[in-house]
$ cat entry-v1.cif   # mmCIF, C-alpha atoms and all ligand atoms
data_coords
loop_
_atom_site.label_atom_id
_atom_site.label_comp_id
_atom_site.auth_asym_id
_atom_site.auth_seq_id
_atom_site.Cartn_x
_atom_site.Cartn_y
_atom_site.Cartn_z
CA MET A 1 184.83 -94.63 -26.72
CA GLU A 2 182.66 -96.14 -29.49
CA ARG A 3 183.57 -96.30 -33.17
CA THR A 4 181.51 -96.40 -36.34
CA LEU A 5 182.39 -96.89 -39.99
CA THR A 6 181.13 -94.51 -42.62
CA ILE A 7 181.59 -94.39 -46.37
CA LEU A 8 181.18 -91.12 -48.26
CA LYS A 9 179.56 -92.79 -51.26
CA PRO A 10 180.37 -92.18 -54.96
CA ASP A 11 177.58 -89.57 -55.29
CA CYS A 12 179.16 -87.58 -52.43
CA VAL A 13 182.54 -87.61 -54.19
CA ARG A 14 181.01 -86.76 -57.62
CA LYS A 15 179.12 -83.79 -56.16
CA GLN A 16 182.33 -82.51 -54.50
CA LEU A 17 180.72 -82.70 -51.06
CA ILE A 18 183.55 -84.54 -49.26
CA GLY A 19 184.57 -81.40 -47.35
CA ALA A 20 181.01 -80.31 -46.55
CA VAL A 21 180.11 -83.72 -45.11
CA ILE A 22 183.34 -84.05 -43.12
CA ASP A 23 182.69 -80.55 -41.73
CA LYS A 24 179.28 -81.66 -40.43
CA ILE A 25 180.82 -84.85 -39.02
CA GLU A 26 183.58 -83.01 -37.13
CA ARG A 27 181.23 -80.27 -35.90
CA ALA A 28 179.00 -83.02 -34.47
CA GLY A 29 181.92 -84.12 -32.29
CA PHE A 30 183.25 -87.14 -34.17
CA ARG A 31 187.00 -87.69 -34.39
CA VAL A 32 188.30 -89.11 -37.68
CA VAL A 33 190.59 -92.00 -36.70
CA ALA A 34 191.08 -93.43 -40.20
CA MET A 35 190.29 -92.17 -43.71
CA LYS A 36 191.17 -92.99 -47.33
CA LYS A 37 189.92 -92.48 -50.88
CA THR A 38 189.43 -95.74 -52.74
CA ARG A 39 187.28 -97.37 -55.40
CA LEU A 40 185.33 -100.55 -54.76
CA THR A 41 185.13 -103.14 -57.53
CA GLN A 42 181.81 -104.89 -58.16
CA ALA A 43 183.23 -107.86 -56.26
CA THR A 44 184.31 -105.87 -53.17
CA ALA A 45 181.09 -103.80 -53.15
CA GLY A 46 179.12 -107.06 -53.37
CA GLU A 47 181.07 -108.47 -50.46
CA PHE A 48 180.64 -105.34 -48.32
CA TYR A 49 176.85 -105.41 -48.84
CA ALA A 50 176.54 -109.22 -48.78
CA VAL A 51 173.81 -109.01 -46.09
CA HIS A 52 171.57 -107.41 -48.72
CA ARG A 53 172.26 -110.13 -51.34
CA GLU A 54 168.62 -111.26 -51.45
CA ARG A 55 167.15 -107.74 -51.55
CA PRO A 56 165.70 -106.49 -54.87
CA PHE A 57 167.99 -103.43 -54.90
CA TYR A 58 171.24 -105.42 -54.41
CA GLY A 59 172.36 -105.25 -58.07
CA GLU A 60 171.67 -101.52 -58.25
CA LEU A 61 173.48 -100.97 -54.94
CA VAL A 62 176.60 -102.87 -56.07
CA GLU A 63 176.59 -101.02 -59.40
CA PHE A 64 176.33 -97.64 -57.66
CA MET A 65 178.91 -98.34 -54.95
CA SER A 66 181.47 -99.39 -57.59
CA SER A 67 180.61 -96.52 -59.97
CA GLY A 68 183.37 -94.21 -58.72
CA PRO A 69 185.69 -93.45 -55.83
CA CYS A 70 184.41 -93.34 -52.27
CA VAL A 71 185.86 -92.21 -48.92
CA PRO A 72 185.60 -94.71 -46.05
CA MET A 73 186.33 -93.40 -42.56
CA ILE A 74 186.40 -94.74 -39.02
CA LEU A 75 184.83 -92.24 -36.62
CA GLU A 76 185.10 -92.15 -32.84
CA LYS A 77 182.74 -90.59 -30.30
CA GLU A 78 180.68 -91.66 -27.34
CA ASN A 79 177.57 -93.39 -28.70
CA ALA A 80 179.09 -93.10 -32.20
CA VAL A 81 176.86 -95.64 -33.99
CA ALA A 82 173.50 -94.19 -32.96
CA ASP A 83 174.63 -90.55 -33.03
CA PHE A 84 176.03 -90.96 -36.54
CA ARG A 85 172.79 -92.47 -37.82
CA THR A 86 170.93 -89.51 -36.29
CA LEU A 87 173.35 -87.10 -38.03
CA ILE A 88 172.84 -88.69 -41.47
CA GLY A 89 169.06 -89.20 -41.24
CA ALA A 90 166.76 -91.83 -42.74
CA THR A 91 167.87 -94.05 -45.66
CA ASP A 92 165.36 -92.26 -47.91
CA PRO A 93 166.18 -88.53 -47.99
CA ALA A 94 162.48 -87.74 -48.42
CA GLN A 95 161.93 -89.26 -44.95
CA ALA A 96 165.06 -87.72 -43.35
CA ASP A 97 164.81 -84.99 -40.71
CA GLU A 98 165.67 -81.39 -41.59
CA GLY A 99 169.36 -80.60 -41.27
CA THR A 100 170.55 -84.20 -41.64
CA VAL A 101 173.25 -85.05 -44.18
CA ARG A 102 170.88 -87.06 -46.39
CA LYS A 103 168.13 -84.42 -46.23
CA LEU A 104 170.64 -81.74 -47.24
CA TYR A 105 172.54 -83.59 -49.94
CA ALA A 106 170.99 -86.92 -51.05
CA ASP A 107 168.95 -87.41 -54.23
CA SER A 108 167.31 -90.77 -53.57
CA LYS A 109 167.11 -93.87 -51.39
CA GLY A 110 169.77 -95.50 -53.57
CA GLU A 111 172.12 -92.52 -53.97
CA ASN A 112 172.09 -91.33 -50.40
CA ILE A 113 175.58 -89.82 -49.85
CA VAL A 114 176.74 -91.83 -46.82
CA HIS A 115 176.81 -95.21 -45.19
CA GLY A 116 176.73 -95.62 -41.40
CA SER A 117 177.24 -98.89 -39.50
CA ASP A 118 174.14 -100.25 -37.76
CA SER A 119 175.94 -101.66 -34.69
CA ALA A 120 179.32 -101.45 -32.95
CA GLU A 121 179.94 -105.11 -33.87
CA ASN A 122 179.30 -104.47 -37.57
CA ALA A 123 181.38 -101.28 -37.36
CA ALA A 124 184.40 -103.35 -36.29
CA VAL A 125 183.88 -105.83 -39.14
CA GLU A 126 183.40 -103.03 -41.68
CA ALA A 127 186.47 -101.14 -40.38
CA GLY A 128 188.54 -104.28 -40.99
CA PHE A 129 187.20 -104.39 -44.54
CA PHE A 130 188.91 -101.09 -45.40
CA PHE A 131 191.70 -100.45 -42.90
CA SER A 132 194.74 -102.23 -41.50
CA ALA A 133 195.74 -101.67 -37.85
CA GLU A 134 198.52 -99.20 -38.85
CA GLU A 135 196.00 -96.98 -40.66
CA VAL A 136 193.88 -96.47 -37.55
CA VAL A 137 195.35 -93.55 -35.62
P1 LIG B 1 173.65 -97.81 -45.00
O1 LIG B 1 173.78 -99.30 -44.67
O2 LIG B 1 174.23 -97.45 -46.34
O3 LIG B 1 174.05 -96.90 -43.90
P2 LIG B 1 170.89 -97.81 -44.23
O4 LIG B 1 171.26 -98.65 -43.04
O5 LIG B 1 170.23 -96.50 -44.00
O6 LIG B 1 172.12 -97.54 -45.19
P3 LIG B 1 169.89 -100.23 -45.52
O7 LIG B 1 168.46 -100.64 -45.48
O8 LIG B 1 170.89 -100.98 -44.72
O9 LIG B 1 169.97 -98.66 -45.21
O10 LIG B 1 170.33 -100.25 -47.06
C1 LIG B 1 171.68 -100.15 -47.44
C2 LIG B 1 171.81 -99.26 -48.63
O11 LIG B 1 171.13 -99.86 -49.73
C3 LIG B 1 171.15 -97.88 -48.50
O12 LIG B 1 171.97 -96.91 -47.90
C4 LIG B 1 170.88 -97.52 -49.94
O13 LIG B 1 172.06 -97.01 -50.57
C5 LIG B 1 170.55 -98.85 -50.55
N1 LIG B 1 169.10 -99.06 -50.58
C6 LIG B 1 168.30 -99.36 -49.53
N2 LIG B 1 167.01 -99.47 -49.92
C7 LIG B 1 167.01 -99.23 -51.26
C8 LIG B 1 166.00 -99.18 -52.25
N3 LIG B 1 164.72 -99.43 -51.95
N4 LIG B 1 166.37 -98.88 -53.52
C9 LIG B 1 167.65 -98.65 -53.83
N5 LIG B 1 168.67 -98.66 -52.94
C10 LIG B 1 168.35 -98.94 -51.67
#
$ encode --input "entry-v1.cif" --output "structure tokens" --more "lines below"
Ligand code: ATP
Amino acid sequence: MERTLTILKPDCVRKQLIGAVIDKIERAGFRVVAMKKTRLTQATAGEFYAVHRERPFYGELVEFMSSGPCVPMILEKENAVADFRTLIGATDPAQADEGTVRKLYADSKGENIVHGSDSAENAAVEAGFFFSAEEVV
């Protein structure tokens, strides 16, 4: 069974959409195997998104991701990585398909409600960023 890592981003928490998004996730067949509410510092957000360090939006992204609490989760399902990215839709909500999480709830490319890992390998690295082995059940 494949796993992916998601983060319900600070805009999701601020808009009180945690429950609505988890409802869509569970209805789509994902099992929540780990979950917590936490707040990234600028340093930890910068580390999490280090692959984007050279991108022009990096500063804005780090600022946003550390602007309030977020809810990271490990999700399990067959084909979890690809199916989760289908469920959330394109990075830019204006480009996202109807019915996707970002189309329904996101305001912009920057504030786009959720993160989803782009590969099973990165999912494992990202899961280790937030969760210890005892927290994964
Ligand atoms: P994520 O990694 O969060 O699942 P993604 O894979 O859809 O998103 P990436 O291109 O990896 O998109 O970008 C990572 C994150 O950086 C995006 O989710 C978004 O929050 C932010 N981002 C991407 N492009 C822009 C942009 N042009 N302006 C502002 N923020 C952006």
$ atom_distance --input "entry-v1.cif" --atom1 "atom CA of Gly68 of chain A" --atom2 "atom CA of Asn122 of chain A"
23.9 Å
$ residues_around --input "entry-v1.cif" --residues "Gln42 of chain A" --least-positions-apart "4" --cutoff "12 Å" --atoms "all atoms listed in the file" --output "list in words"
Gly46, Glu47, Phe48, Tyr49, Ala50, Tyr58, Gly59, Glu60, Leu61, Val62, Glu63, Phe64, Met65, Ser66, Ser67 and Gly68 of chain A
$ atom_distance --input "entry-v1.cif" --atom1 "atom CA of Thr86 of chain A" --atom2 "atom CA of Pro56 of chain A"
25.7 Å
$ atom_distance --input "entry-v1.cif" --atom1 "atom CA of Phe131 of chain A" --atom2 "atom CA of Asp83 of chain A"
22.1 Å
$ closest_residue --input "entry-v1.cif" --among "A:Asp11, A:Asp118, A:Glu76, A:Glu135" --to "ligand LIG 1 (chain B)" --atoms "only C-alpha atoms and all ligand atoms"
A:Asp118
$ residues_near_ligand --input "entry-v1.cif" --ligand "ligand LIG 1 (chain B)" --cutoff "8 Å" --atoms "all atoms listed in the file" --output "list in words"
Thr6, Ile7, Tyr49, His52, Pro56, Phe57, Tyr58, Glu60, Leu61, Arg85, Gly89, Ala90, Thr91, Asp92, Ser108, Lys109, Gly110, Glu111, Asn112, Val114, His115, Gly116, Ser117 and Asp118 of chain A
$ residues_around --input "entry-v1.cif" --residues "Arg102 of chain A" --least-positions-apart "4" --cutoff "7 Å" --atoms "only C-alpha atoms" --output "short mmCIF file (atom, residue, chain, number, x, y, z; two decimals) with C-alpha atoms, keeping the file's coordinate frame"
data_model
loop_
_atom_site.label_atom_id
_atom_site.label_comp_id
_atom_site.auth_asym_id
_atom_site.auth_seq_id
_atom_site.Cartn_x
_atom_site.Cartn_y
_atom_site.Cartn_z
CA ILE A 88 172.84 -88.69 -41.47
CA GLY A 89 169.06 -89.20 -41.24
CA PRO A 93 166.18 -88.53 -47.99
CA ALA A 96 165.06 -87.72 -43.35
CA ALA A 106 170.99 -86.92 -51.05
CA ASN A 112 172.09 -91.33 -50.40
CA ILE A 113 175.58 -89.82 -49.85
#
$ residues_near_point --input "entry-v1.cif" --point "(179.8, -103.4, -38.1)" --cutoff "12 Å" --atoms "all atoms listed in the file" --output "list in words"
Glu2, Arg3, Thr4, Leu5, Thr6, Phe48, Tyr49, Val51, Ile74, Ala80, Val81, His115, Gly116, Ser117, Asp118, Ser119, Ala120, Glu121, Asn122, Ala123, Ala124, Val125, Glu126, Ala127, Gly128, Phe129 and Phe130 of chain A
$ residues_around --input "entry-v1.cif" --residues "Met1 of chain A" --least-positions-apart "5" --cutoff "8 Å" --atoms "only C-alpha atoms" --output "mmCIF file with C-alpha atoms, in the frame of the given file"
data_model
loop_
_atom_site.group_PDB
_atom_site.id
_atom_site.type_symbol
_atom_site.label_atom_id
_atom_site.label_comp_id
_atom_site.auth_asym_id
_atom_site.auth_seq_id
_atom_site.Cartn_x
_atom_site.Cartn_y
_atom_site.Cartn_z
ATOM 1 C CA GLU A 76 185.100 -92.150 -32.840
ATOM 2 C CA LYS A 77 182.740 -90.590 -30.300
ATOM 3 C CA GLU A 78 180.680 -91.660 -27.340
ATOM 4 C CA ASN A 79 177.570 -93.390 -28.700
#
$ closest_residue --input "entry-v1.cif" --among "A:Ala94, A:Leu75, A:Ala82, A:Cys12" --to "Ala34 of chain A" --atoms "only C-alpha atoms"
A:Leu75
$ axis_aligned_box --input "entry-v1.cif" --around "segment 51-69 of chain A" --padding-each-side "3 Å" --output "AutoDock Vina command-line options"
--center_x 175.7 --center_y -102.4 --center_z -53.0 --size_x 26.0 --size_y 23.8 --size_z 19.9
$ closest_residue --input "entry-v1.cif" --among "A:Asp107, A:Val71, A:Val137, A:Leu40" --to "Gly19 of chain A" --atoms "all atoms listed in the file"
A:Val71
$ closest_residue --input "entry-v1.cif" --among "A:Cys70, A:Val101, A:Ala45, A:Val13" --to "Ala28 of chain A" --atoms "all atoms listed in the file"
A:Val101
